[in-house]
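File shown: final_3.cif. Contents: mmCIF, C-alpha atoms.
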data_structure
#
loop_
_atom_site.label_atom_id
_atom_site.label_comp_id
_atom_site.auth_asym_id
_atom_site.auth_seq_id
_atom_site.Cartn_x
_atom_site.Cartn_y
_atom_site.Cartn_z
CA MET A 1 -104.59 -100.27 17.31
CA GLU A 2 -101.97 -101.32 19.87
CA ASN A 3 -98.42 -101.88 18.65
CA ILE A 4 -98.53 -105.61 19.40
CA GLU A 5 -101.66 -105.90 17.26
CA LYS A 6 -100.00 -103.96 14.46
CA LEU A 7 -97.05 -106.33 14.57
CA LYS A 8 -99.31 -109.38 14.58
CA ASN A 9 -101.20 -107.94 11.64
CA ALA A 10 -97.96 -107.52 9.69
CA PHE A 11 -97.19 -111.20 10.28
CA LYS A 12 -100.73 -112.24 9.45
CA GLU A 13 -100.85 -110.32 6.17
CA SER A 14 -97.38 -111.13 4.93
CA LEU A 15 -97.33 -114.80 5.88
CA GLY A 16 -101.03 -115.44 5.33
CA VAL A 17 -101.38 -117.31 8.64
CA ASP A 18 -103.95 -117.45 11.39
CA ASP A 19 -103.66 -115.27 14.51
CA SER A 20 -103.43 -118.32 16.72
CA ILE A 21 -99.95 -119.33 15.55
CA ILE A 22 -98.44 -115.85 15.91
CA VAL A 23 -96.74 -116.36 19.24
CA ASP A 24 -93.24 -115.59 20.52
CA THR A 25 -91.91 -119.00 19.53
CA LEU A 26 -92.99 -118.68 15.90
CA ALA A 27 -89.65 -118.90 14.07
CA TYR A 28 -88.38 -118.17 10.57
CA GLN A 29 -88.68 -121.24 8.33
CA SER A 30 -90.48 -123.18 11.08
CA ILE A 31 -93.61 -123.11 8.93
CA PRO A 32 -93.85 -123.29 5.13
CA GLU A 33 -95.48 -119.84 5.00
CA TRP A 34 -92.45 -118.10 6.54
CA ASP A 35 -89.87 -118.64 3.84
CA SER A 36 -87.21 -116.35 2.41
CA ILE A 37 -89.69 -114.74 0.00
CA SER A 38 -92.39 -113.97 2.56
CA HIS A 39 -89.65 -112.74 4.90
CA MET A 40 -88.99 -109.89 2.44
CA VAL A 41 -92.69 -109.03 2.42
CA LEU A 42 -92.82 -109.25 6.22
CA ILE A 43 -90.01 -106.72 6.60
CA SER A 44 -91.82 -104.39 4.25
CA GLN A 45 -95.09 -104.79 6.18
CA ILE A 46 -93.43 -104.10 9.54
CA GLU A 47 -91.72 -101.01 8.14
CA GLU A 48 -94.99 -99.75 6.76
CA ALA A 49 -96.94 -100.50 9.94
CA PHE A 50 -94.56 -98.52 12.14
CA ASP A 51 -93.14 -96.08 9.58
CA ILE A 52 -89.57 -97.20 10.19
CA THR A 53 -86.67 -98.38 8.04
CA ILE A 54 -85.17 -101.60 9.33
CA GLU A 55 -81.40 -101.90 8.99
CA THR A 56 -79.99 -104.86 7.07
CA GLU A 57 -78.47 -106.36 10.23
CA ASP A 58 -81.91 -106.42 11.82
CA VAL A 59 -83.49 -107.90 8.69
CA ILE A 60 -81.09 -110.82 9.05
CA ASP A 61 -81.63 -110.98 12.80
CA LEU A 62 -85.42 -111.07 12.68
CA SER A 63 -85.77 -114.79 13.18
CA SER A 64 -88.87 -115.13 15.35
CA PHE A 65 -91.91 -113.22 16.52
CA ALA A 66 -90.19 -112.58 19.85
CA LYS A 67 -87.15 -111.24 18.00
CA ALA A 68 -89.41 -109.02 15.91
CA ARG A 69 -90.79 -107.46 19.11
CA GLU A 70 -87.26 -106.90 20.35
CA ILE A 71 -86.10 -105.40 17.05
CA VAL A 72 -88.96 -102.94 16.65
CA SER A 73 -88.29 -101.74 20.20
CA LYS A 74 -84.85 -100.63 18.95
CA TYR A 75 -86.74 -98.22 16.70
CA GLY A 76 -88.74 -96.82 19.61
CA ILE A 77 -91.78 -99.07 19.19
CA GLN A 78 -92.79 -100.86 22.38
CA CYS A 79 -94.67 -104.13 21.83
CA MET B 1 -97.18 -92.78 -21.98
CA LEU B 2 -95.60 -96.11 -21.10
CA LEU B 3 -94.55 -95.03 -17.60
CA LYS B 4 -97.56 -93.02 -16.46
CA ASN B 5 -97.68 -92.72 -12.64
CA GLN B 6 -94.39 -94.58 -12.29
CA THR B 7 -91.49 -93.36 -10.16
CA CYS B 8 -88.08 -94.31 -11.53
CA LEU B 9 -84.71 -93.81 -9.88
CA ILE B 10 -81.72 -93.57 -12.20
CA THR B 11 -78.12 -93.55 -10.98
CA GLY B 12 -75.49 -91.67 -12.95
CA ALA B 13 -78.29 -89.60 -14.46
CA SER B 14 -76.50 -86.39 -15.36
CA ARG B 15 -74.91 -87.40 -18.62
CA GLY B 16 -74.67 -89.95 -21.43
CA ILE B 17 -76.86 -93.02 -21.20
CA GLY B 18 -78.25 -92.07 -17.77
CA LEU B 19 -79.34 -88.69 -19.10
CA ALA B 20 -81.00 -90.27 -22.15
CA ILE B 21 -82.84 -92.77 -19.95
CA SER B 22 -84.00 -90.04 -17.56
CA THR B 23 -85.24 -87.90 -20.44
CA LEU B 24 -87.06 -90.72 -22.23
CA PHE B 25 -88.66 -91.94 -18.99
CA ALA B 26 -89.86 -88.42 -18.17
CA GLN B 27 -91.22 -88.02 -21.70
CA ASN B 28 -93.17 -91.21 -21.11
CA GLY B 29 -94.90 -89.90 -18.01
CA ALA B 30 -92.58 -91.08 -15.25
CA ARG B 31 -91.56 -89.08 -12.24
CA VAL B 32 -87.79 -89.48 -12.29
CA ILE B 33 -85.40 -89.34 -9.38
CA LEU B 34 -82.01 -88.40 -10.72
CA THR B 35 -78.90 -89.28 -8.79
CA GLY B 36 -75.26 -88.58 -9.44
CA ARG B 37 -72.18 -87.02 -7.98
CA ASP B 38 -72.74 -83.56 -9.48
CA ASN B 39 -75.96 -82.13 -8.08
CA THR B 40 -75.62 -78.82 -9.96
CA ARG B 41 -75.64 -80.72 -13.21
CA LEU B 42 -78.58 -82.85 -12.09
CA ASN B 43 -80.56 -79.72 -11.24
CA ASP B 44 -79.82 -78.36 -14.70
CA VAL B 45 -81.10 -81.60 -16.22
CA ILE B 46 -84.31 -81.46 -14.21
CA THR B 47 -85.24 -78.11 -15.74
CA THR B 48 -85.17 -79.71 -19.20
CA LEU B 49 -87.53 -82.58 -18.36
CA PRO B 50 -91.27 -82.53 -19.04
CA VAL B 51 -93.42 -82.99 -15.94
CA PHE B 52 -96.64 -84.99 -16.24
CA SER B 53 -97.32 -85.84 -12.61
CA LEU B 54 -95.27 -85.15 -9.49
CA PRO B 55 -92.13 -83.04 -9.77
CA HIS B 56 -88.86 -84.75 -10.58
CA LEU B 57 -86.21 -84.93 -7.86
CA SER B 58 -82.44 -85.02 -7.71
CA PHE B 59 -80.03 -86.23 -5.06
CA THR B 60 -76.27 -86.28 -4.78
CA LEU B 61 -75.18 -89.88 -4.63
CA ASP B 62 -71.86 -91.66 -4.90
CA VAL B 63 -72.88 -95.31 -5.30
CA THR B 64 -69.63 -96.50 -3.77
CA ARG B 65 -70.74 -95.04 -0.42
CA GLU B 66 -73.18 -97.32 1.33
CA ALA B 67 -74.17 -94.64 3.85
CA GLU B 68 -75.31 -92.34 1.03
CA ILE B 69 -77.46 -95.11 -0.49
CA VAL B 70 -79.05 -95.87 2.89
CA GLN B 71 -79.65 -92.18 3.56
CA LEU B 72 -81.26 -91.65 0.16
CA PHE B 73 -83.76 -94.48 0.54
CA LYS B 74 -84.51 -93.56 4.16
CA HIS B 75 -85.29 -90.05 3.00
CA LEU B 76 -87.49 -91.26 0.13
CA HIS B 77 -89.44 -93.58 2.41
CA SER B 78 -89.87 -90.86 5.02
CA GLU B 79 -91.45 -88.77 2.26
CA ASN B 80 -93.62 -91.73 1.22
CA ILE B 81 -91.85 -91.99 -2.11
CA TYR B 82 -91.68 -95.60 -3.24
CA ILE B 83 -90.03 -96.29 -6.57
CA ASN B 84 -91.37 -98.66 -9.23
CA CYS B 85 -88.14 -98.92 -11.16
CA LEU B 86 -84.44 -98.69 -10.42
CA VAL B 87 -81.91 -98.17 -13.19
CA ASN B 88 -78.39 -99.01 -12.04
CA ASN B 89 -76.61 -96.98 -14.66
CA ALA B 90 -73.69 -95.34 -12.82
CA GLY B 91 -70.46 -96.94 -13.93
CA ILE B 92 -66.84 -96.26 -14.70
CA MET B 93 -64.47 -97.68 -17.29
CA GLU B 94 -60.72 -97.65 -16.88
CA ASP B 95 -58.52 -99.81 -19.07
CA SER B 96 -55.30 -101.49 -18.12
CA THR B 97 -53.57 -104.77 -18.85
CA LEU B 98 -53.65 -107.03 -15.82
CA GLN B 99 -49.94 -106.69 -15.06
CA MET B 100 -50.38 -102.93 -14.70
CA VAL B 101 -53.48 -103.08 -12.49
CA LYS B 102 -53.14 -101.64 -9.00
CA PRO B 103 -55.49 -102.89 -6.26
CA GLU B 104 -57.00 -99.40 -5.98
CA LEU B 105 -58.20 -99.65 -9.57
CA ILE B 106 -59.95 -102.95 -8.86
CA HIS B 107 -61.65 -101.49 -5.79
CA ARG B 108 -62.65 -98.35 -7.67
CA ILE B 109 -64.18 -100.19 -10.62
CA TYR B 110 -65.87 -102.91 -8.57
CA GLY B 111 -67.08 -100.33 -6.03
CA THR B 112 -68.94 -98.39 -8.68
CA ASN B 113 -69.91 -101.11 -11.16
CA VAL B 114 -70.76 -103.98 -8.79
CA PHE B 115 -71.05 -102.93 -5.13
CA GLY B 116 -73.13 -99.84 -6.00
CA PRO B 117 -75.82 -101.64 -8.03
CA ILE B 118 -76.05 -104.44 -5.46
CA MET B 119 -76.53 -102.05 -2.55
CA ALA B 120 -78.95 -99.81 -4.44
CA SER B 121 -81.00 -102.88 -5.41
CA GLN B 122 -81.08 -104.08 -1.80
CA TYR B 123 -82.51 -100.81 -0.56
CA ALA B 124 -84.80 -100.28 -3.57
CA LEU B 125 -86.28 -103.69 -2.92
CA LYS B 126 -88.37 -102.34 -0.07
CA SER B 127 -90.11 -99.94 -2.44
CA LEU B 128 -90.69 -102.61 -5.05
CA ILE B 129 -92.10 -105.05 -2.50
CA LYS B 130 -94.51 -102.38 -1.37
CA HIS B 131 -95.77 -102.10 -4.95
CA ARG B 132 -95.81 -105.90 -5.25
CA GLY B 133 -93.88 -105.55 -8.47
CA GLY B 134 -91.47 -103.41 -10.44
CA SER B 135 -88.33 -103.47 -12.48
CA ILE B 136 -84.60 -103.33 -11.80
CA ILE B 137 -82.45 -102.57 -14.83
CA ASN B 138 -78.70 -103.07 -14.62
CA LEU B 139 -76.33 -101.58 -17.14
CA SER B 140 -73.74 -104.13 -18.18
CA SER B 141 -71.64 -103.92 -21.34
CA ILE B 142 -70.66 -105.87 -24.43
CA ILE B 143 -67.29 -106.16 -22.69
CA GLY B 144 -69.10 -108.01 -19.90
CA THR B 145 -70.66 -110.49 -22.33
CA ASN B 146 -67.75 -110.90 -24.75
CA GLY B 147 -64.60 -109.68 -22.98
CA ASN B 148 -61.86 -107.51 -24.42
CA SER B 149 -58.10 -107.18 -24.18
CA GLY B 150 -56.98 -104.59 -21.60
CA GLN B 151 -60.36 -104.64 -19.90
CA SER B 152 -60.18 -107.65 -17.58
CA ILE B 153 -61.21 -105.61 -14.54
CA TYR B 154 -63.90 -103.54 -16.21
CA GLY B 155 -65.12 -106.54 -18.22
CA SER B 156 -65.32 -108.83 -15.20
CA SER B 157 -67.20 -106.16 -13.24
CA LYS B 158 -69.74 -106.01 -16.04
CA SER B 159 -69.92 -109.82 -16.17
CA ALA B 160 -70.55 -109.82 -12.42
CA ILE B 161 -73.55 -107.60 -12.89
CA ILE B 162 -75.01 -110.10 -15.37
CA GLY B 163 -74.58 -112.87 -12.79
CA PHE B 164 -76.22 -110.66 -10.19
CA THR B 165 -79.10 -109.97 -12.60
CA LYS B 166 -79.71 -113.65 -13.32
CA SER B 167 -79.72 -114.76 -9.69
CA LEU B 168 -81.71 -111.84 -8.36
CA SER B 169 -84.32 -112.27 -11.09
CA LYS B 170 -84.98 -115.80 -9.86
CA GLU B 171 -85.16 -114.65 -6.25
CA LEU B 172 -87.61 -111.85 -6.97
CA ALA B 173 -89.80 -113.42 -9.65
CA PRO B 174 -92.30 -114.72 -7.05
CA LEU B 175 -92.78 -111.10 -5.96
CA ASN B 176 -93.42 -109.98 -9.55
CA ILE B 177 -90.23 -107.92 -9.52
CA ARG B 178 -88.29 -108.20 -12.76
CA VAL B 179 -84.53 -107.86 -13.04
CA ASN B 180 -82.83 -107.44 -16.39
CA ALA B 181 -79.59 -106.15 -17.80
CA ILE B 182 -78.63 -104.15 -20.87
CA ALA B 183 -75.30 -104.70 -22.56
CA PRO B 184 -74.51 -101.65 -24.70
CA GLY B 185 -71.84 -101.84 -27.38
CA PHE B 186 -69.95 -98.80 -28.67
CA ILE B 187 -72.06 -95.83 -27.62
CA ASP B 188 -71.47 -92.14 -28.31
CA THR B 189 -70.85 -90.76 -24.80
CA ASP B 190 -68.21 -88.64 -23.06
CA MET B 191 -66.42 -91.91 -22.36
CA THR B 192 -65.97 -92.69 -26.07
CA LYS B 193 -65.48 -89.06 -27.22
CA GLY B 194 -62.08 -88.88 -25.58
CA MET B 195 -60.89 -92.08 -27.21
CA ASN B 196 -57.77 -92.43 -29.33
CA PRO B 197 -58.92 -91.89 -33.01
CA ARG B 198 -57.31 -95.14 -34.16
CA PHE B 199 -59.09 -97.13 -31.46
CA TYR B 200 -62.32 -95.28 -32.20
CA GLU B 201 -62.08 -96.24 -35.91
CA LYS B 202 -61.30 -99.85 -35.02
CA ASN B 203 -64.41 -100.05 -32.87
CA LEU B 204 -66.57 -98.47 -35.54
CA ASN B 205 -65.39 -101.01 -38.10
CA ALA B 206 -66.40 -103.84 -35.79
CA ILE B 207 -70.04 -102.73 -35.83
CA GLY B 208 -72.26 -104.52 -38.35
CA MET B 209 -74.53 -101.49 -38.72
CA LYS B 210 -71.50 -99.26 -39.34
CA ARG B 211 -72.55 -96.52 -36.97
CA ILE B 212 -71.84 -95.74 -33.35
CA GLY B 213 -74.79 -96.29 -31.02
CA THR B 214 -76.54 -93.39 -29.35
CA PRO B 215 -77.59 -93.08 -25.71
CA LEU B 216 -81.16 -93.01 -27.03
CA ASP B 217 -80.68 -96.47 -28.58
CA VAL B 218 -79.95 -97.76 -25.07
CA ALA B 219 -82.67 -95.67 -23.42
CA ARG B 220 -85.34 -97.20 -25.68
CA VAL B 221 -84.47 -100.68 -24.43
CA ALA B 222 -84.50 -99.40 -20.84
CA LEU B 223 -87.97 -97.98 -21.49
CA PHE B 224 -89.12 -101.38 -22.71
CA LEU B 225 -87.70 -103.09 -19.62
CA ALA B 226 -89.20 -100.52 -17.25
CA SER B 227 -92.65 -100.69 -18.80
CA ASP B 228 -95.36 -103.34 -18.84
CA LEU B 229 -94.35 -104.17 -22.42
CA SER B 230 -91.80 -106.48 -20.80
CA GLU B 231 -94.00 -107.75 -18.00
CA TYR B 232 -93.01 -111.40 -18.67
CA VAL B 233 -89.31 -110.70 -19.22
CA THR B 234 -86.85 -111.25 -16.39
CA GLY B 235 -83.27 -112.44 -15.95
CA GLN B 236 -82.31 -111.35 -19.45
CA THR B 237 -79.36 -109.41 -20.81
CA ILE B 238 -80.26 -107.47 -23.93
CA GLY B 239 -77.43 -106.36 -26.18
CA VAL B 240 -77.68 -102.92 -27.78
CA ASP B 241 -74.67 -103.00 -30.06
CA GLY B 242 -75.70 -102.75 -33.74
CA GLY B 243 -74.21 -106.18 -34.38
CA MET B 244 -70.79 -105.38 -32.98
CA ILE B 245 -68.23 -108.15 -33.03
CA ILE B 246 -65.52 -108.29 -30.39
#

Go ahead and express the file in the form of structure tokens.
Amino acid sequence: MENIEKLKNAFKESLGVDDSIIVDTLAYQSIPEWDSISHMVLISQIEEAFDITIETEDVIDLSSFAKAREIVSKYGIQC
Amino acid sequence: MLLKNQTCLITGASRGIGLAISTLFAQNGARVILTGRDNTRLNDVITTLPVFSLPHLSFTLDVTREAEIVQLFKHLHSENIYINCLVNNAGIMEDSTLQMVKPELIHRIYGTNVFGPIMASQYALKSLIKHRGGSIINLSSIIGTNGNSGQSIYGSSKSAIIGFTKSLSKELAPLNIRVNAIAPGFIDTDMTKGMNPRFYEKNLNAIGMKRIGTPLDVARVALFLASDLSEYVTGQTIGVDGGMII
């Protein structure tokens, strides 16, 4: 599976949303499904998908799908 | 076997209450991860523990050092070790009337008793989320619930941990992660052994059950809070004090 698909899957599973809304502009708290609780699950899913440990600063910074792509690239994952 | 197939990380595990919790958890089937500042002592403890599943582990950890906490959890995750239970036991007690308190003392006590448990919980959270459940147990104190003269810094640090427990329990309840605290009274540990005999006697007389508590008394409550026996219990502070009055 390509990295971008892995990332989309992490969003899909943790937020319980359809593929179609997982686009760069999807932002934290812009939909009811992406709240503070599911954000914690999302971080865990991304870490598991790419076998990385996301630093606290990045957890706070991960505010959109586009930002998620940018952040995982810091850990050597190109999306 | 209340903790069969569970992995439990205990801070301050080499002696006293932490040692009793580690031992009781291991006896109940858990794989325990012992942490503390003295790794030689931790390794000695490991040899005394029964093993029912995967081998127990030990790591040197000073909970006041964030980098060590981060490193520990990074290492565990890299080894695919995800804990089900965190026991924030490491703590220090130093008494002083407020007028005599130096800022270093406040930093030292709050660093170990408050900052450490908060940081450890933050990093343990990733494991617990992966399991979609689990238990965080914070060691407070009767001084945190009732207060005591000469212990305004220690007591307030232990009150802070109760506040942390209550708020975090609400935050994590939707994820089926429980957060509770234990407030031991006068317990027979190295900390109390070195006490002035007059003060020791005074404390003993304040206990309704007229005996000092044992680390095992506290460990039994920790076992309850770590296990499914308490699956609907969160945000609570359970006193283990034999009816002590302060």

Output the residue selection produced by the PyMOL selection byres ((chain B and resi 53-64) around 7) on the file above, formatted as a PDB file with C-alpha atoms, in the frame of the given file.
ATOM      1  CA  ASN B   5     -97.680 -92.720 -12.640  1.00  0.00           C
ATOM      2  CA  ARG B  31     -91.560 -89.080 -12.240  1.00  0.00           C
ATOM      3  CA  VAL B  32     -87.790 -89.480 -12.290  1.00  0.00           C
ATOM      4  CA  ILE B  33     -85.400 -89.340  -9.380  1.00  0.00           C
ATOM      5  CA  LEU B  34     -82.010 -88.400 -10.720  1.00  0.00           C
ATOM      6  CA  THR B  35     -78.900 -89.280  -8.790  1.00  0.00           C
ATOM      7  CA  GLY B  36     -75.260 -88.580  -9.440  1.00  0.00           C
ATOM      8  CA  ARG B  37     -72.180 -87.020  -7.980  1.00  0.00           C
ATOM      9  CA  ASP B  38     -72.740 -83.560  -9.480  1.00  0.00           C
ATOM     10  CA  ASN B  39     -75.960 -82.130  -8.080  1.00  0.00           C
ATOM     11  CA  LEU B  42     -78.580 -82.850 -12.090  1.00  0.00           C
ATOM     12  CA  ASN B  43     -80.560 -79.720 -11.240  1.00  0.00           C
ATOM     13  CA  ILE B  46     -84.310 -81.460 -14.210  1.00  0.00           C
ATOM     14  CA  VAL B  51     -93.420 -82.990 -15.940  1.00  0.00           C
ATOM     15  CA  PHE B  52     -96.640 -84.990 -16.240  1.00  0.00           C
ATOM     16  CA  ARG B  65     -70.740 -95.040  -0.420  1.00  0.00           C
ATOM     17  CA  GLU B  66     -73.180 -97.320   1.330  1.00  0.00           C
ATOM     18  CA  GLU B  68     -75.310 -92.340   1.030  1.00  0.00           C
ATOM     19  CA  ILE B  69     -77.460 -95.110  -0.490  1.00  0.00           C
ATOM     20  CA  GLY B 111     -67.080-100.330  -6.030  1.00  0.00           C
ATOM     21  CA  THR B 112     -68.940 -98.390  -8.680  1.00  0.00           C
ATOM     22  CA  PHE B 115     -71.050-102.930  -5.130  1.00  0.00           C
ATOM     23  CA  GLY B 116     -73.130 -99.840  -6.000  1.00  0.00           C
TER      24      GLY B 116
END

I'd like to see the residues matched by the PyMOL selection byres ((chain B) within 10 of (chain A)) on this file, and ideally I'd get them as a compact mmCIF listing (two decimals) with C-alpha atoms, in the frame of the given file.
# COMPACT_ATOMS: atom_id res chain seq x y z
CA VAL B 70 -79.05 -95.87 2.89
CA PHE B 73 -83.76 -94.48 0.54
CA LYS B 74 -84.51 -93.56 4.16
CA HIS B 75 -85.29 -90.05 3.00
CA HIS B 77 -89.44 -93.58 2.41
CA SER B 78 -89.87 -90.86 5.02
CA ASN B 80 -93.62 -91.73 1.22
CA GLN B 122 -81.08 -104.08 -1.80
CA TYR B 123 -82.51 -100.81 -0.56
CA LEU B 125 -86.28 -103.69 -2.92
CA LYS B 126 -88.37 -102.34 -0.07
CA SER B 127 -90.11 -99.94 -2.44
CA LEU B 128 -90.69 -102.61 -5.05
CA ILE B 129 -92.10 -105.05 -2.50
CA LYS B 130 -94.51 -102.38 -1.37
CA ARG B 132 -95.81 -105.90 -5.25
CA GLU B 171 -85.16 -114.65 -6.25
CA LEU B 172 -87.61 -111.85 -6.97
CA ALA B 173 -89.80 -113.42 -9.65
CA PRO B 174 -92.30 -114.72 -7.05
CA LEU B 175 -92.78 -111.10 -5.96

Could you list the residues chosen by the PyMOL selection byres ((chain B and resi 24-27) around 10) in this structure as a PyMOL selection string? chain B and resi 1-4+6-8+10+18-23+28-33+46+48-53+56+216+219-220+222-223+226-227

To one decimal place, how far is atom CA of B:Val179 from atom CA of A:Phe11 in Å? 26.7 Å

Nearest to A:Ser63: which of A:Ala27, A:Ala10, A:Ile22, A:Asn3 is it, counting all atoms listed in the file? A:Ala27

Long-range neighbours of A:Asn9 as an MDAnalysis selection string, 12 Å cut-off, only C-alpha atoms, 5 positions minimum in chain: chainID A and resid 1:4 14:20 22 42 45:46 48:50 65

Top pick for closest residue to A:Ile71, considering A:Glu5, A:Asp24, A:Asp58, A:His39 and counting all atoms listed in the file: A:Asp58

Show me, as JSON, the centre and edge lengths in Å to one decimal of the axis-aligned box that covers every listed atom of stretch 6-24 of chain A with 6 Å on each side.
{"center_x": -98.6, "center_y": -111.6, "center_z": 12.7, "size_x": 22.7, "size_y": 27.4, "size_z": 27.6}

For atom CA of B:Arg41 and atom CA of B:Arg15, determine how far apart the two atoms are, in Å to one decimal place. 8.6 Å
